[in-house]
file entry.cif (mmCIF, C-alpha atoms)
data_protein
loop_
_atom_site.group_PDB
_atom_site.id
_atom_site.type_symbol
_atom_site.label_atom_id
_atom_site.label_comp_id
_atom_site.auth_asym_id
_atom_site.auth_seq_id
_atom_site.Cartn_x
_atom_site.Cartn_y
_atom_site.Cartn_z
ATOM 1 C CA MET A 168 86.307 -64.013 37.993
ATOM 2 C CA ALA A 169 86.011 -64.659 34.225
ATOM 3 C CA ASP A 170 86.777 -61.957 31.693
ATOM 4 C CA LYS A 171 83.556 -61.249 29.755
ATOM 5 C CA GLY A 172 85.472 -60.323 26.569
ATOM 6 C CA LYS A 173 87.525 -63.518 26.584
ATOM 7 C CA LYS A 174 86.389 -66.344 24.300
ATOM 8 C CA ASN A 175 86.546 -69.986 25.272
ATOM 9 C CA LEU A 176 88.903 -72.156 23.211
ATOM 10 C CA THR A 177 88.085 -75.779 22.414
ATOM 11 C CA VAL A 178 90.670 -78.093 20.829
ATOM 12 C CA PHE A 179 89.914 -81.357 19.028
ATOM 13 C CA GLY A 180 93.250 -83.180 19.454
ATOM 14 C CA GLN A 181 95.208 -85.125 16.840
ATOM 15 C CA ASN A 182 93.606 -88.446 17.836
ATOM 16 C CA THR A 183 90.049 -87.039 17.743
ATOM 17 C CA GLU A 184 87.688 -88.146 14.965
ATOM 18 C CA PHE A 185 84.271 -86.467 14.812
ATOM 19 C CA ASP A 186 81.356 -87.132 12.431
ATOM 20 C CA GLY A 187 78.193 -85.019 12.442
ATOM 21 C CA VAL A 188 76.982 -81.447 12.765
ATOM 22 C CA LEU A 189 79.073 -79.109 14.891
ATOM 23 C CA ASN A 190 77.706 -75.829 16.322
ATOM 24 C CA PHE A 191 79.749 -73.463 18.489
ATOM 25 C CA SER A 192 80.026 -69.745 19.267
ATOM 26 C CA ASP A 193 83.543 -69.297 20.643
ATOM 27 C CA SER A 194 86.834 -70.594 19.177
ATOM 28 C CA LEU A 195 87.644 -74.097 17.953
ATOM 29 C CA VAL A 196 90.892 -75.685 16.770
ATOM 30 C CA ILE A 197 90.633 -78.981 14.884
ATOM 31 C CA MET A 198 93.837 -81.041 14.912
ATOM 32 C CA GLY A 199 92.296 -84.442 14.055
ATOM 33 C CA LYS A 200 89.648 -85.572 11.571
ATOM 34 C CA PHE A 201 86.198 -84.090 11.041
ATOM 35 C CA ASN A 202 83.411 -85.190 8.672
ATOM 36 C CA GLY A 203 80.080 -83.384 8.465
ATOM 37 C CA LYS A 204 78.864 -79.825 8.746
ATOM 38 C CA ILE A 205 80.131 -76.860 10.806
ATOM 39 C CA GLU A 206 77.905 -73.877 11.656
ATOM 40 C CA SER A 207 79.437 -71.270 13.932
ATOM 41 C CA THR A 208 79.479 -67.620 14.903
ATOM 42 C CA GLY A 209 82.969 -68.061 16.363
ATOM 43 C CA ASP A 210 86.486 -68.550 14.999
ATOM 44 C CA LEU A 211 87.694 -71.807 13.466
ATOM 45 C CA GLU A 212 91.256 -73.040 12.940
ATOM 46 C CA ILE A 213 92.140 -76.178 10.987
ATOM 47 C CA ASP A 214 95.616 -77.288 12.137
ATOM 48 C CA SER A 215 98.319 -78.488 9.736
ATOM 49 C CA GLY A 216 97.721 -82.169 10.580
ATOM 50 C CA ALA A 217 93.919 -81.975 10.381
ATOM 51 C CA THR A 218 91.641 -83.394 7.691
ATOM 52 C CA CYS A 219 88.105 -82.058 7.248
ATOM 53 C CA ASN A 220 85.537 -83.303 4.742
ATOM 54 C CA VAL A 221 82.510 -81.045 5.047
ATOM 55 C CA GLU A 222 79.212 -80.416 3.362
ATOM 56 C CA SER A 223 79.696 -76.821 4.488
ATOM 57 C CA MET A 224 81.870 -74.921 6.947
ATOM 58 C CA LYS A 225 80.558 -71.561 8.249
ATOM 59 C CA ALA A 226 82.256 -69.394 10.879
ATOM 60 C CA ALA A 227 83.220 -65.791 11.601
ATOM 61 C CA SER A 228 86.861 -66.357 10.665
ATOM 62 C CA ILE A 229 88.472 -69.511 9.310
ATOM 63 C CA GLU A 230 92.211 -70.253 9.241
ATOM 64 C CA ILE A 231 93.256 -73.383 7.351
ATOM 65 C CA SER A 232 96.691 -74.991 7.634
ATOM 66 C CA GLY A 233 95.536 -78.587 7.010
ATOM 67 C CA SER A 234 93.309 -80.305 4.457
ATOM 68 C CA VAL A 235 89.705 -79.236 3.814
ATOM 69 C CA SER A 236 87.229 -80.458 1.223
ATOM 70 C CA GLY A 237 83.830 -78.726 0.959
ATOM 71 C CA GLN A 238 82.058 -75.365 0.900
ATOM 72 C CA ILE A 239 83.688 -72.657 3.065
ATOM 73 C CA GLU A 240 81.945 -69.476 4.197
ATOM 74 C CA ALA A 241 83.118 -66.802 6.639
ATOM 75 C CA THR A 242 81.460 -63.584 7.781
ATOM 76 C CA GLU A 243 84.853 -61.946 8.471
ATOM 77 C CA SER A 244 87.827 -63.685 6.793
ATOM 78 C CA VAL A 245 89.356 -66.870 5.416
ATOM 79 C CA GLU A 246 93.096 -67.539 5.476
ATOM 80 C CA LEU A 247 94.724 -70.406 3.576
ATOM 81 C CA CYS A 248 98.130 -70.930 5.175
ATOM 82 C CA SER A 249 101.247 -72.309 3.498
ATOM 83 C CA GLY A 250 101.033 -76.079 3.024
ATOM 84 C CA SER A 251 97.232 -76.268 3.172
ATOM 85 C CA VAL A 252 95.177 -78.301 0.700
ATOM 86 C CA VAL A 253 91.684 -76.919 0.027
ATOM 87 C CA LYS A 254 89.076 -78.181 -2.443
ATOM 88 C CA GLY A 255 85.811 -76.252 -2.460
ATOM 89 C CA ASP A 256 84.285 -72.850 -3.043
ATOM 90 C CA ILE A 257 85.025 -69.995 -0.634
ATOM 91 C CA SER A 258 82.729 -67.043 0.236
ATOM 92 C CA ALA A 259 84.073 -64.284 2.491
ATOM 93 C CA PRO A 260 84.577 -60.509 2.630
ATOM 94 C CA ARG A 261 88.380 -60.963 3.070
ATOM 95 C CA ILE A 262 90.563 -63.809 1.809
ATOM 96 C CA ARG A 263 94.309 -64.359 2.206
ATOM 97 C CA ILE A 264 96.070 -67.132 0.289
ATOM 98 C CA SER A 265 99.714 -67.765 1.210
ATOM 99 C CA ASP A 266 102.396 -69.221 -1.049
ATOM 100 C CA ASN A 267 102.555 -73.022 -1.369
ATOM 101 C CA VAL A 268 98.776 -73.590 -1.101
ATOM 102 C CA ASP A 269 97.040 -76.293 -3.147
ATOM 103 C CA TYR A 270 93.616 -74.739 -3.871
ATOM 104 C CA GLU A 271 90.882 -75.905 -6.221
ATOM 105 C CA GLY A 272 87.578 -74.022 -6.320
ATOM 106 C CA GLN A 273 85.962 -70.658 -6.841
ATOM 107 C CA VAL A 274 86.211 -67.579 -4.655
ATOM 108 C CA GLN A 275 83.303 -65.209 -4.065
ATOM 109 C CA MET A 276 84.052 -61.954 -2.292
ATOM 110 C CA ILE A 277 81.011 -60.884 -0.277
ATOM 111 C CA GLU A 278 80.253 -57.641 1.477
ATOM 112 C CA LYS A 279 79.765 -57.587 5.194
ATOM 113 C CA THR A 280 76.151 -57.574 6.243
ATOM 114 C CA PRO A 281 74.535 -54.143 6.674
ATOM 115 C CA SER A 282 74.484 -52.708 10.187
ATOM 116 C CA MET A 283 70.704 -52.256 10.092
ATOM 117 C CA ASN A 284 68.052 -54.954 9.912
ATOM 118 C CA LEU A 285 66.604 -54.337 6.457
ATOM 119 C CA PHE A 286 63.303 -55.967 7.383
ATOM 120 C CA SER A 287 62.634 -53.704 10.365
ATOM 121 C CA VAL A 288 63.146 -50.247 8.797
ATOM 122 C CA ALA A 289 60.655 -48.121 6.889
ATOM 123 C CA SER A 290 61.159 -48.039 3.118
ATOM 124 C CA ASP A 291 62.011 -44.287 3.134
ATOM 125 C CA GLU A 292 64.721 -44.881 5.760
ATOM 126 C CA TYR A 293 66.037 -47.826 3.736
ATOM 127 C CA LYS A 294 66.160 -45.765 0.524
ATOM 128 C CA SER A 295 67.911 -42.844 2.235
ATOM 129 C CA ALA A 296 70.628 -45.203 3.475
ATOM 130 C CA PHE A 297 71.532 -45.951 -0.147
ATOM 131 C CA VAL A 298 71.186 -42.479 -1.725
ATOM 132 C CA LEU A 299 74.464 -41.350 -3.226
ATOM 133 C CA LYS A 300 75.607 -37.845 -2.429
ATOM 134 C CA SER A 301 75.952 -35.844 -5.626
ATOM 135 C CA ASN A 302 75.508 -32.366 -7.066
ATOM 136 C CA LEU A 303 72.640 -33.508 -9.272
ATOM 137 C CA PRO A 304 69.206 -32.050 -8.454
ATOM 138 C CA ARG A 305 66.670 -34.449 -6.976
#
call {"tool": "encode", "arguments": {"input": "entry.cif", "output": "structure tokens"}}
result
Amino acid sequence: MADKGKKNLTVFGQNTEFDGVLNFSDSLVIMGKFNGKIESTGDLEIDSGATCNVESMKAASIEISGSVSGQIEATESVELCSGSVVKGDISAPRIRISDNVDYEGQVQMIEKTPSMNLFSVASDEYKSAFVLKSNLPR
């Protein structure tokens, strides 16, 4: 019987070359070459021997040990590991850059998305979610 909390892991091996758009929701490790676009709600790892040239790379968390060129966006975190080569802008709420990383680009720290759907709440409820608590009279 499968564990419902366990994510599936897919590995693109060292001899794998993939061109195109890649969508996945679990975990992926790229050890070979990838060219294209990645859109995911899962976790992505770029191995130390991997080379990725992307238009954009979006995932929950992204760990890079290899070479990546292109836009990088994560909803949780991005980690640039020692020895990685990254050229492109990064957007994420948490970023870790190790020593010995060759990085060229801009970093934008983003906040995690709000827990409520802003388009489905009444305006008074929305406003009250952002009211600061203070001693000032209202």
call {"tool": "atom_distance", "arguments": {"input": "entry.cif", "atom1": "CA of Gly209 in chain A", "atom2": "CA of Val268 in chain A"}}
result
24.2 Å
call {"tool": "atom_distance", "arguments": {"input": "entry.cif", "atom1": "CA of Asp214 in chain A", "atom2": "CA of Phe201 in chain A"}}
result
11.7 Å
call {"tool": "atom_distance", "arguments": {"input": "entry.cif", "atom1": "CA of Ser223 in chain A", "atom2": "CA of Leu211 in chain A"}}
result
13.0 Å
call {"tool": "closest_residue", "arguments": {"input": "entry.cif", "among": "A:Phe179, A:Phe185, A:Tyr270, A:Phe191", "to": "Asp256 in chain A", "atoms": "only C-alpha atoms"}}
result
A:Tyr270
call {"tool": "residues_near_point", "arguments": {"input": "entry.cif", "point": "(75.2, -73.8, 19.5)", "cutoff": "9 Å", "atoms": "only C-alpha atoms", "output": "PyMOL selection string"}}
result
chain A and resi 189-192+206-208
call {"tool": "residues_around", "arguments": {"input": "entry.cif", "residues": "Asp266 in chain A", "least_positions_apart": "2", "cutoff": "9 Å", "atoms": "only C-alpha atoms", "output": "ChimeraX atom specification"}}
result
/A:248-250,264,268
call {"tool": "decode", "arguments": {"input": "entry.cif", "residues": "range 235-248 of chain A", "atoms": "all heavy atoms", "output": "PDB file, in the first residue's frame"}}
result
ATOM      1  N   VAL A 235      22.922  26.321 -14.725  1.00  0.00           N
ATOM      2  CA  VAL A 235      21.594  26.755 -15.144  1.00  0.00           C
ATOM      3  C   VAL A 235      21.694  28.147 -15.741  1.00  0.00           C
ATOM      4  O   VAL A 235      22.329  29.031 -15.168  1.00  0.00           O
ATOM      5  CB  VAL A 235      20.589  26.769 -13.962  1.00  0.00           C
ATOM      6  CG1 VAL A 235      19.259  27.380 -14.396  1.00  0.00           C
ATOM      7  CG2 VAL A 235      20.372  25.379 -13.408  1.00  0.00           C
ATOM      8  N   SER A 236      21.033  28.331 -16.880  1.00  0.00           N
ATOM      9  CA  SER A 236      20.937  29.636 -17.511  1.00  0.00           C
ATOM     10  C   SER A 236      19.466  29.903 -17.769  1.00  0.00           C
ATOM     11  O   SER A 236      18.804  29.106 -18.425  1.00  0.00           O
ATOM     12  CB  SER A 236      21.730  29.645 -18.815  1.00  0.00           C
ATOM     13  OG  SER A 236      21.601  30.887 -19.455  1.00  0.00           O
ATOM     14  N   GLY A 237      18.929  31.017 -17.207  1.00  0.00           N
ATOM     15  CA  GLY A 237      17.528  31.366 -17.408  1.00  0.00           C
ATOM     16  C   GLY A 237      16.879  31.857 -16.133  1.00  0.00           C
ATOM     17  O   GLY A 237      17.491  31.877 -15.066  1.00  0.00           O
ATOM     18  N   GLN A 238      15.614  32.255 -16.253  1.00  0.00           N
ATOM     19  CA  GLN A 238      14.829  32.771 -15.131  1.00  0.00           C
ATOM     20  C   GLN A 238      14.496  31.636 -14.157  1.00  0.00           C
ATOM     21  O   GLN A 238      14.063  30.569 -14.595  1.00  0.00           O
ATOM     22  CB  GLN A 238      13.522  33.383 -15.631  1.00  0.00           C
ATOM     23  CG  GLN A 238      13.699  34.528 -16.607  1.00  0.00           C
ATOM     24  CD  GLN A 238      14.282  35.748 -15.936  1.00  0.00           C
ATOM     25  OE1 GLN A 238      15.422  36.092 -16.182  1.00  0.00           O
ATOM     26  NE2 GLN A 238      13.534  36.384 -15.086  1.00  0.00           N
ATOM     27  N   ILE A 239      14.655  31.900 -12.849  1.00  0.00           N
ATOM     28  CA  ILE A 239      14.396  30.897 -11.818  1.00  0.00           C
ATOM     29  C   ILE A 239      13.395  31.476 -10.822  1.00  0.00           C
ATOM     30  O   ILE A 239      13.597  32.570 -10.310  1.00  0.00           O
ATOM     31  CB  ILE A 239      15.698  30.509 -11.097  1.00  0.00           C
ATOM     32  CG1 ILE A 239      16.700  29.921 -12.092  1.00  0.00           C
ATOM     33  CG2 ILE A 239      15.419  29.550  -9.946  1.00  0.00           C
ATOM     34  CD1 ILE A 239      18.103  29.791 -11.553  1.00  0.00           C
ATOM     35  N   GLU A 240      12.335  30.707 -10.544  1.00  0.00           N
ATOM     36  CA  GLU A 240      11.327  31.156  -9.591  1.00  0.00           C
ATOM     37  C   GLU A 240      10.878  29.982  -8.724  1.00  0.00           C
ATOM     38  O   GLU A 240      10.569  28.911  -9.238  1.00  0.00           O
ATOM     39  CB  GLU A 240      10.117  31.741 -10.330  1.00  0.00           C
ATOM     40  CG  GLU A 240       9.046  32.261  -9.409  1.00  0.00           C
ATOM     41  CD  GLU A 240       7.860  32.859 -10.152  1.00  0.00           C
ATOM     42  OE1 GLU A 240       8.008  33.227 -11.331  1.00  0.00           O
ATOM     43  OE2 GLU A 240       6.779  32.937  -9.541  1.00  0.00           O
ATOM     44  N   ALA A 241      10.857  30.208  -7.407  1.00  0.00           N
ATOM     45  CA  ALA A 241      10.411  29.166  -6.479  1.00  0.00           C
ATOM     46  C   ALA A 241       9.391  29.749  -5.508  1.00  0.00           C
ATOM     47  O   ALA A 241       9.527  30.896  -5.077  1.00  0.00           O
ATOM     48  CB  ALA A 241      11.591  28.593  -5.713  1.00  0.00           C
ATOM     49  N   THR A 242       8.393  28.949  -5.150  1.00  0.00           N
ATOM     50  CA  THR A 242       7.397  29.398  -4.182  1.00  0.00           C
ATOM     51  C   THR A 242       7.881  29.194  -2.750  1.00  0.00           C
ATOM     52  O   THR A 242       7.352  29.810  -1.838  1.00  0.00           O
ATOM     53  CB  THR A 242       6.063  28.668  -4.384  1.00  0.00           C
ATOM     54  OG1 THR A 242       6.283  27.258  -4.299  1.00  0.00           O
ATOM     55  CG2 THR A 242       5.447  29.016  -5.725  1.00  0.00           C
ATOM     56  N   GLU A 243       8.889  28.317  -2.549  1.00  0.00           N
ATOM     57  CA  GLU A 243       9.416  28.068  -1.210  1.00  0.00           C
ATOM     58  C   GLU A 243      10.863  28.508  -1.064  1.00  0.00           C
ATOM     59  O   GLU A 243      11.166  29.351  -0.229  1.00  0.00           O
ATOM     60  CB  GLU A 243       9.272  26.592  -0.855  1.00  0.00           C
ATOM     61  CG  GLU A 243       7.827  26.152  -0.711  1.00  0.00           C
ATOM     62  CD  GLU A 243       7.695  24.672  -0.420  1.00  0.00           C
ATOM     63  OE1 GLU A 243       8.697  24.025  -0.076  1.00  0.00           O
ATOM     64  OE2 GLU A 243       6.576  24.154  -0.557  1.00  0.00           O
ATOM     65  N   SER A 244      11.798  27.914  -1.842  1.00  0.00           N
ATOM     66  CA  SER A 244      13.217  28.255  -1.661  1.00  0.00           C
ATOM     67  C   SER A 244      14.047  27.892  -2.882  1.00  0.00           C
ATOM     68  O   SER A 244      13.679  27.026  -3.662  1.00  0.00           O
ATOM     69  CB  SER A 244      13.784  27.520  -0.443  1.00  0.00           C
ATOM     70  OG  SER A 244      13.800  26.120  -0.672  1.00  0.00           O
ATOM     71  N   VAL A 245      15.189  28.597  -2.998  1.00  0.00           N
ATOM     72  CA  VAL A 245      16.199  28.289  -4.002  1.00  0.00           C
ATOM     73  C   VAL A 245      17.522  28.146  -3.280  1.00  0.00           C
ATOM     74  O   VAL A 245      17.855  28.976  -2.423  1.00  0.00           O
ATOM     75  CB  VAL A 245      16.322  29.403  -5.068  1.00  0.00           C
ATOM     76  CG1 VAL A 245      17.515  29.169  -5.979  1.00  0.00           C
ATOM     77  CG2 VAL A 245      15.042  29.510  -5.888  1.00  0.00           C
ATOM     78  N   GLU A 246      18.269  27.086  -3.595  1.00  0.00           N
ATOM     79  CA  GLU A 246      19.591  26.887  -3.017  1.00  0.00           C
ATOM     80  C   GLU A 246      20.604  26.704  -4.138  1.00  0.00           C
ATOM     81  O   GLU A 246      20.450  25.838  -4.981  1.00  0.00           O
ATOM     82  CB  GLU A 246      19.618  25.672  -2.093  1.00  0.00           C
ATOM     83  CG  GLU A 246      20.978  25.481  -1.452  1.00  0.00           C
ATOM     84  CD  GLU A 246      21.004  24.388  -0.396  1.00  0.00           C
ATOM     85  OE1 GLU A 246      19.955  23.780  -0.128  1.00  0.00           O
ATOM     86  OE2 GLU A 246      22.081  24.147   0.150  1.00  0.00           O
ATOM     87  N   LEU A 247      21.640  27.565  -4.132  1.00  0.00           N
ATOM     88  CA  LEU A 247      22.745  27.443  -5.073  1.00  0.00           C
ATOM     89  C   LEU A 247      23.889  26.789  -4.320  1.00  0.00           C
ATOM     90  O   LEU A 247      24.466  27.380  -3.407  1.00  0.00           O
ATOM     91  CB  LEU A 247      23.165  28.816  -5.612  1.00  0.00           C
ATOM     92  CG  LEU A 247      22.056  29.672  -6.241  1.00  0.00           C
ATOM     93  CD1 LEU A 247      22.641  30.956  -6.798  1.00  0.00           C
ATOM     94  CD2 LEU A 247      21.294  28.909  -7.294  1.00  0.00           C
ATOM     95  N   CYS A 248      24.200  25.554  -4.673  1.00  0.00           N
ATOM     96  CA  CYS A 248      25.207  24.768  -3.971  1.00  0.00           C
ATOM     97  C   CYS A 248      26.607  25.072  -4.493  1.00  0.00           C
ATOM     98  O   CYS A 248      26.780  25.540  -5.619  1.00  0.00           O
ATOM     99  CB  CYS A 248      24.896  23.279  -4.106  1.00  0.00           C
ATOM    100  SG  CYS A 248      23.281  22.834  -3.446  1.00  0.00           S
TER     101      CYS A 248
END
